[in-house]
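Student: Got data.txt for you, compact mmCIF, N, CA and C atoms and all ligand atoms:
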# COMPACT_ATOMS: atom_id res chain seq x y z
N MET A 3 0.84 -1.19 0.00
CA MET A 3 0.00 0.00 0.00
C MET A 3 0.88 1.24 0.00
N GLU A 4 0.37 2.25 -0.63
CA GLU A 4 1.13 3.49 -0.78
C GLU A 4 0.25 4.65 -0.33
N GLU A 5 0.85 5.60 0.37
CA GLU A 5 0.07 6.74 0.83
C GLU A 5 0.92 8.00 0.72
N TYR A 6 0.33 9.06 0.19
CA TYR A 6 1.07 10.31 0.05
C TYR A 6 0.08 11.47 0.01
N LYS A 7 0.64 12.65 0.15
CA LYS A 7 -0.19 13.86 0.10
C LYS A 7 -0.13 14.45 -1.30
N GLN A 8 -1.25 15.02 -1.70
CA GLN A 8 -1.30 15.69 -3.00
C GLN A 8 -2.09 16.97 -2.86
N GLN A 9 -1.69 17.97 -3.62
CA GLN A 9 -2.42 19.24 -3.58
C GLN A 9 -3.32 19.33 -4.79
N CYS A 10 -4.55 19.72 -4.56
CA CYS A 10 -5.52 19.83 -5.64
C CYS A 10 -5.17 21.01 -6.53
N THR A 11 -5.19 20.79 -7.81
CA THR A 11 -4.88 21.86 -8.76
C THR A 11 -6.04 22.83 -8.91
N GLU A 12 -7.20 22.41 -8.46
CA GLU A 12 -8.40 23.23 -8.63
C GLU A 12 -8.64 24.14 -7.41
N CYS A 13 -8.72 23.55 -6.21
CA CYS A 13 -9.04 24.34 -5.02
C CYS A 13 -7.82 24.60 -4.14
N GLY A 14 -6.68 23.94 -4.44
CA GLY A 14 -5.44 24.21 -3.72
C GLY A 14 -5.32 23.55 -2.36
N LYS A 15 -6.31 22.74 -1.99
CA LYS A 15 -6.25 22.06 -0.69
C LYS A 15 -5.45 20.77 -0.79
N THR A 16 -4.89 20.39 0.35
CA THR A 16 -4.07 19.18 0.42
C THR A 16 -4.92 18.02 0.92
N PHE A 17 -4.77 16.89 0.27
CA PHE A 17 -5.50 15.71 0.70
C PHE A 17 -4.60 14.48 0.64
N ILE A 18 -5.05 13.41 1.27
CA ILE A 18 -4.29 12.18 1.35
C ILE A 18 -4.75 11.24 0.23
N VAL A 19 -3.79 10.69 -0.48
CA VAL A 19 -4.08 9.69 -1.50
C VAL A 19 -3.57 8.35 -1.01
N ARG A 20 -4.43 7.36 -1.01
CA ARG A 20 -4.04 6.02 -0.59
C ARG A 20 -4.27 5.06 -1.74
N VAL A 21 -3.22 4.37 -2.15
CA VAL A 21 -3.30 3.44 -3.26
C VAL A 21 -3.09 2.04 -2.72
N THR A 22 -4.10 1.20 -2.87
CA THR A 22 -3.96 -0.18 -2.44
C THR A 22 -3.46 -1.02 -3.61
N THR A 23 -2.73 -2.05 -3.30
CA THR A 23 -2.21 -2.91 -4.35
C THR A 23 -2.62 -4.35 -4.08
N ASP A 24 -3.36 -4.91 -5.00
CA ASP A 24 -3.68 -6.33 -4.93
C ASP A 24 -2.61 -7.08 -5.70
N ASN A 25 -2.38 -8.31 -5.30
CA ASN A 25 -1.34 -9.10 -5.95
C ASN A 25 -1.89 -9.79 -7.20
N VAL A 26 -2.34 -8.97 -8.13
CA VAL A 26 -2.85 -9.50 -9.39
C VAL A 26 -1.99 -8.95 -10.52
N PRO A 27 -1.02 -9.71 -10.95
CA PRO A 27 -0.11 -9.19 -11.98
C PRO A 27 -0.79 -9.03 -13.34
N GLY A 28 -0.38 -7.99 -14.05
CA GLY A 28 -0.88 -7.78 -15.40
C GLY A 28 -2.33 -7.36 -15.47
N CYS A 29 -2.84 -6.79 -14.41
CA CYS A 29 -4.26 -6.43 -14.39
C CYS A 29 -4.45 -5.00 -13.92
N LYS A 30 -3.54 -4.13 -14.33
CA LYS A 30 -3.62 -2.75 -13.87
C LYS A 30 -4.65 -1.95 -14.67
N GLU A 31 -5.37 -1.14 -13.93
CA GLU A 31 -6.35 -0.28 -14.57
C GLU A 31 -6.16 1.15 -14.12
N LYS A 32 -6.71 2.05 -14.90
CA LYS A 32 -6.61 3.47 -14.59
C LYS A 32 -7.63 3.84 -13.52
N GLU A 33 -7.14 4.29 -12.38
CA GLU A 33 -8.01 4.70 -11.28
C GLU A 33 -7.85 6.20 -11.08
N GLU A 34 -8.95 6.93 -11.17
CA GLU A 34 -8.88 8.37 -11.04
C GLU A 34 -8.60 8.80 -9.60
N VAL A 35 -7.85 9.89 -9.46
CA VAL A 35 -7.63 10.52 -8.16
C VAL A 35 -8.57 11.72 -8.08
N ILE A 36 -9.54 11.63 -7.18
CA ILE A 36 -10.56 12.67 -7.06
C ILE A 36 -10.33 13.49 -5.80
N CYS A 37 -10.32 14.80 -5.93
CA CYS A 37 -10.19 15.68 -4.76
C CYS A 37 -11.42 15.51 -3.86
N PRO A 38 -11.20 15.22 -2.56
CA PRO A 38 -12.35 15.03 -1.65
C PRO A 38 -13.04 16.34 -1.28
N TYR A 39 -12.43 17.46 -1.62
CA TYR A 39 -13.04 18.75 -1.29
C TYR A 39 -13.96 19.25 -2.39
N CYS A 40 -13.46 19.27 -3.62
CA CYS A 40 -14.25 19.85 -4.71
C CYS A 40 -14.62 18.81 -5.78
N HIS A 41 -14.20 17.57 -5.57
CA HIS A 41 -14.56 16.45 -6.43
C HIS A 41 -14.09 16.63 -7.87
N THR A 42 -12.96 17.28 -8.01
CA THR A 42 -12.34 17.41 -9.32
C THR A 42 -11.35 16.27 -9.53
N GLU A 43 -11.31 15.75 -10.74
CA GLU A 43 -10.31 14.73 -11.06
C GLU A 43 -8.97 15.42 -11.25
N VAL A 44 -8.02 15.09 -10.39
CA VAL A 44 -6.73 15.78 -10.43
C VAL A 44 -5.61 14.88 -10.95
N GLY A 45 -5.98 13.71 -11.43
CA GLY A 45 -4.97 12.82 -11.98
C GLY A 45 -5.45 11.39 -11.90
N TYR A 46 -4.55 10.49 -12.16
CA TYR A 46 -4.91 9.07 -12.06
C TYR A 46 -3.68 8.25 -11.77
N ARG A 47 -3.91 7.05 -11.31
CA ARG A 47 -2.84 6.09 -11.07
C ARG A 47 -3.16 4.81 -11.81
N MET A 48 -2.13 4.15 -12.27
CA MET A 48 -2.31 2.83 -12.85
C MET A 48 -2.06 1.83 -11.73
N THR A 49 -3.09 1.10 -11.36
CA THR A 49 -2.95 0.17 -10.23
C THR A 49 -3.88 -1.02 -10.43
N SER A 50 -3.50 -2.11 -9.83
CA SER A 50 -4.37 -3.29 -9.82
C SER A 50 -5.31 -3.24 -8.62
N GLY A 51 -5.12 -2.23 -7.76
CA GLY A 51 -5.97 -2.09 -6.58
C GLY A 51 -6.93 -0.93 -6.74
N PHE A 52 -7.06 -0.15 -5.67
CA PHE A 52 -7.97 0.98 -5.69
C PHE A 52 -7.28 2.24 -5.19
N VAL A 53 -7.83 3.37 -5.58
CA VAL A 53 -7.33 4.66 -5.10
C VAL A 53 -8.39 5.31 -4.22
N TYR A 54 -7.99 5.67 -3.00
CA TYR A 54 -8.89 6.37 -2.08
C TYR A 54 -8.29 7.74 -1.77
N THR A 55 -9.15 8.71 -1.57
CA THR A 55 -8.66 10.02 -1.14
C THR A 55 -9.36 10.43 0.15
N TYR A 56 -8.61 11.10 1.01
CA TYR A 56 -9.13 11.55 2.31
C TYR A 56 -8.79 13.01 2.49
N LYS A 57 -9.67 13.72 3.18
CA LYS A 57 -9.38 15.10 3.53
C LYS A 57 -8.23 15.12 4.53
N HIS A 58 -7.31 16.03 4.32
CA HIS A 58 -6.17 16.16 5.20
C HIS A 58 -6.44 17.25 6.21
N GLU A 59 -6.60 16.87 7.48
CA GLU A 59 -6.89 17.84 8.53
C GLU A 59 -5.57 18.30 9.13
N GLU A 60 -5.37 19.56 9.14
CA GLU A 60 -4.14 20.11 9.73
C GLU A 60 -4.20 20.02 11.25
ZN ZN B 101 -10.06 20.36 -4.88
As structure tokens, how would this structure be written, given the file I've shared?
Tutor:
Amino acid sequence: MEEYKQQCTECGKTFIVRVTTDNVPGCKEKEEVICPYCHTEVGYRMTSGFVYTYKHEE
């Protein structure tokens, strides 16, 4: 599993991106990264798991 912070290009707020990885080789799909504040798609990850985003509370 991978977790990092990302800043939204639309509203400028920072949120947590969590990428889970299932052990399924050769089955990667495009998972959108959605800002939890303004629900804008700010990118995507290629993963065999899922992408979750959380609001980052200071
Ligand atoms: Zn945003």
Student: Write as a PyMOL selection string the residues around ligand ZN 101 (chain B), taking 10 Å as the cut-off and counting only C-alpha atoms and all ligand atoms.
Tutor: chain A and resi 9-17+36-44+57
Student: Go ahead and write the selection's residues with N, CA and C atoms as a PDB file, in the coordinates of the input.
Tutor:
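Resulting contents of part_14.pdb:
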ATOM      1  N   GLN A   9      -1.690  17.970  -3.620  1.00  0.00           N
ATOM      2  CA  GLN A   9      -2.420  19.240  -3.580  1.00  0.00           C
ATOM      3  C   GLN A   9      -3.320  19.330  -4.790  1.00  0.00           C
ATOM      4  N   CYS A  10      -4.550  19.720  -4.560  1.00  0.00           N
ATOM      5  CA  CYS A  10      -5.520  19.830  -5.640  1.00  0.00           C
ATOM      6  C   CYS A  10      -5.170  21.010  -6.530  1.00  0.00           C
ATOM      7  N   THR A  11      -5.190  20.790  -7.810  1.00  0.00           N
ATOM      8  CA  THR A  11      -4.880  21.860  -8.760  1.00  0.00           C
ATOM      9  C   THR A  11      -6.040  22.830  -8.910  1.00  0.00           C
ATOM     10  N   GLU A  12      -7.200  22.410  -8.460  1.00  0.00           N
ATOM     11  CA  GLU A  12      -8.400  23.230  -8.630  1.00  0.00           C
ATOM     12  C   GLU A  12      -8.640  24.140  -7.410  1.00  0.00           C
ATOM     13  N   CYS A  13      -8.720  23.550  -6.210  1.00  0.00           N
ATOM     14  CA  CYS A  13      -9.040  24.340  -5.020  1.00  0.00           C
ATOM     15  C   CYS A  13      -7.820  24.600  -4.140  1.00  0.00           C
ATOM     16  N   GLY A  14      -6.680  23.940  -4.440  1.00  0.00           N
ATOM     17  CA  GLY A  14      -5.440  24.210  -3.720  1.00  0.00           C
ATOM     18  C   GLY A  14      -5.320  23.550  -2.360  1.00  0.00           C
ATOM     19  N   LYS A  15      -6.310  22.740  -1.990  1.00  0.00           N
ATOM     20  CA  LYS A  15      -6.250  22.060  -0.690  1.00  0.00           C
ATOM     21  C   LYS A  15      -5.450  20.770  -0.790  1.00  0.00           C
ATOM     22  N   THR A  16      -4.890  20.390   0.350  1.00  0.00           N
ATOM     23  CA  THR A  16      -4.070  19.180   0.420  1.00  0.00           C
ATOM     24  C   THR A  16      -4.920  18.020   0.920  1.00  0.00           C
ATOM     25  N   PHE A  17      -4.770  16.890   0.270  1.00  0.00           N
ATOM     26  CA  PHE A  17      -5.500  15.710   0.700  1.00  0.00           C
ATOM     27  C   PHE A  17      -4.600  14.480   0.640  1.00  0.00           C
ATOM     28  N   ILE A  36      -9.540  11.630  -7.180  1.00  0.00           N
ATOM     29  CA  ILE A  36     -10.560  12.670  -7.060  1.00  0.00           C
ATOM     30  C   ILE A  36     -10.330  13.490  -5.800  1.00  0.00           C
ATOM     31  N   CYS A  37     -10.320  14.800  -5.930  1.00  0.00           N
ATOM     32  CA  CYS A  37     -10.190  15.680  -4.760  1.00  0.00           C
ATOM     33  C   CYS A  37     -11.420  15.510  -3.860  1.00  0.00           C
ATOM     34  N   PRO A  38     -11.200  15.220  -2.560  1.00  0.00           N
ATOM     35  CA  PRO A  38     -12.350  15.030  -1.650  1.00  0.00           C
ATOM     36  C   PRO A  38     -13.040  16.340  -1.280  1.00  0.00           C
ATOM     37  N   TYR A  39     -12.430  17.460  -1.620  1.00  0.00           N
ATOM     38  CA  TYR A  39     -13.040  18.750  -1.290  1.00  0.00           C
ATOM     39  C   TYR A  39     -13.960  19.250  -2.390  1.00  0.00           C
ATOM     40  N   CYS A  40     -13.460  19.270  -3.620  1.00  0.00           N
ATOM     41  CA  CYS A  40     -14.250  19.850  -4.710  1.00  0.00           C
ATOM     42  C   CYS A  40     -14.620  18.810  -5.780  1.00  0.00           C
ATOM     43  N   HIS A  41     -14.200  17.570  -5.570  1.00  0.00           N
ATOM     44  CA  HIS A  41     -14.560  16.450  -6.430  1.00  0.00           C
ATOM     45  C   HIS A  41     -14.090  16.630  -7.870  1.00  0.00           C
ATOM     46  N   THR A  42     -12.960  17.280  -8.010  1.00  0.00           N
ATOM     47  CA  THR A  42     -12.340  17.410  -9.320  1.00  0.00           C
ATOM     48  C   THR A  42     -11.350  16.270  -9.530  1.00  0.00           C
ATOM     49  N   GLU A  43     -11.310  15.750 -10.740  1.00  0.00           N
ATOM     50  CA  GLU A  43     -10.310  14.730 -11.060  1.00  0.00           C
ATOM     51  C   GLU A  43      -8.970  15.420 -11.250  1.00  0.00           C
ATOM     52  N   VAL A  44      -8.020  15.090 -10.390  1.00  0.00           N
ATOM     53  CA  VAL A  44      -6.730  15.780 -10.430  1.00  0.00           C
ATOM     54  C   VAL A  44      -5.610  14.880 -10.950  1.00  0.00           C
ATOM     55  N   LYS A  57      -9.670  13.720   3.180  1.00  0.00           N
ATOM     56  CA  LYS A  57      -9.380  15.100   3.530  1.00  0.00           C
ATOM     57  C   LYS A  57      -8.230  15.120   4.530  1.00  0.00           C
TER      58      LYS A  57
END
Student: So how many Å separate atom CA of A:His58 and atom CA of A:Lys32, to one decimal?
Tutor: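 Rounded to one decimal, the two atoms are 23.5 Å apart.
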Student: List the neighbours of A:Gly45 out to 6 Å using all atoms listed in the file; skip same-chain residues closer than 6 positions along the sequence, and give me the result as a PDB file with N, CA and C atoms, in the frame of the given file.
Tutor:
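The resulting file, out-v6.pdb, is shown below:
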ATOM      1  N   GLU A  33      -7.140   4.290 -12.380  1.00  0.00           N
ATOM      2  CA  GLU A  33      -8.010   4.700 -11.280  1.00  0.00           C
ATOM      3  C   GLU A  33      -7.850   6.200 -11.080  1.00  0.00           C
ATOM      4  N   GLU A  34      -8.950   6.930 -11.170  1.00  0.00           N
ATOM      5  CA  GLU A  34      -8.880   8.370 -11.040  1.00  0.00           C
ATOM      6  C   GLU A  34      -8.600   8.800  -9.600  1.00  0.00           C
ATOM      7  N   VAL A  35      -7.850   9.890  -9.460  1.00  0.00           N
ATOM      8  CA  VAL A  35      -7.630  10.520  -8.160  1.00  0.00           C
ATOM      9  C   VAL A  35      -8.570  11.720  -8.080  1.00  0.00           C
ATOM     10  N   ILE A  36      -9.540  11.630  -7.180  1.00  0.00           N
ATOM     11  CA  ILE A  36     -10.560  12.670  -7.060  1.00  0.00           C
ATOM     12  C   ILE A  36     -10.330  13.490  -5.800  1.00  0.00           C
TER      13      ILE A  36
END
Student: By how many Å are atom N of A:Thr55 and atom C of A:Gly28 apart?
Tutor: 22.3 Å
Student: Considering all atoms listed in the file, can you say which of A:Glu59, A:Phe52, A:Glu5, A:Arg47 comes closest to A:Thr23?
Tutor: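 Closest candidate: A:Phe52.
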Student: Using only C-alpha atoms for the distances, tell me which of A:Tyr56, A:Met3, A:Gln8, A:Ser50 is nearest to A:Cys29.
Tutor: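 Checking each of A:Tyr56, A:Met3, A:Gln8, A:Ser50 against A:Cys29, counting only C-alpha atoms, the winner is A:Ser50.
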Student: Just list as a PyMOL selection string whatever in stretch 4-57 of chain A DSSP marks as strand (DSSP E).
Tutor: chain A and resi 4-9+16-21+31-36+43-49+53-57
Student: Using only the atoms of stretch 17-23 of chain A listed in the file, plus 6 Å on each side, state the axis-aligned box centre and edge lengths in Å rounded to one decimal, as lines of an AutoDock Vina configuration file.
Tutor:
center_x = -3.9
center_y = 6.3
center_z = -1.5
size_x = 15.3
size_y = 33.2
size_z = 17.7
Student: Please list as a list in words every residue within 9 Å of A:Lys30, counting only C-alpha atoms and excluding residues in the same chain fewer than 3 positions away.
Tutor: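 Near neighbours after the sequence-gap exclusion: Val26, Pro27, Met48, Thr49, Ser50 and Gly51 of chain A.
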Student: Figure out the distance between atom N of A:Tyr6 and atom N of A:Asp24, please, to one decimal in Å.
Tutor: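 These two atoms are separated by 15.4 Å.
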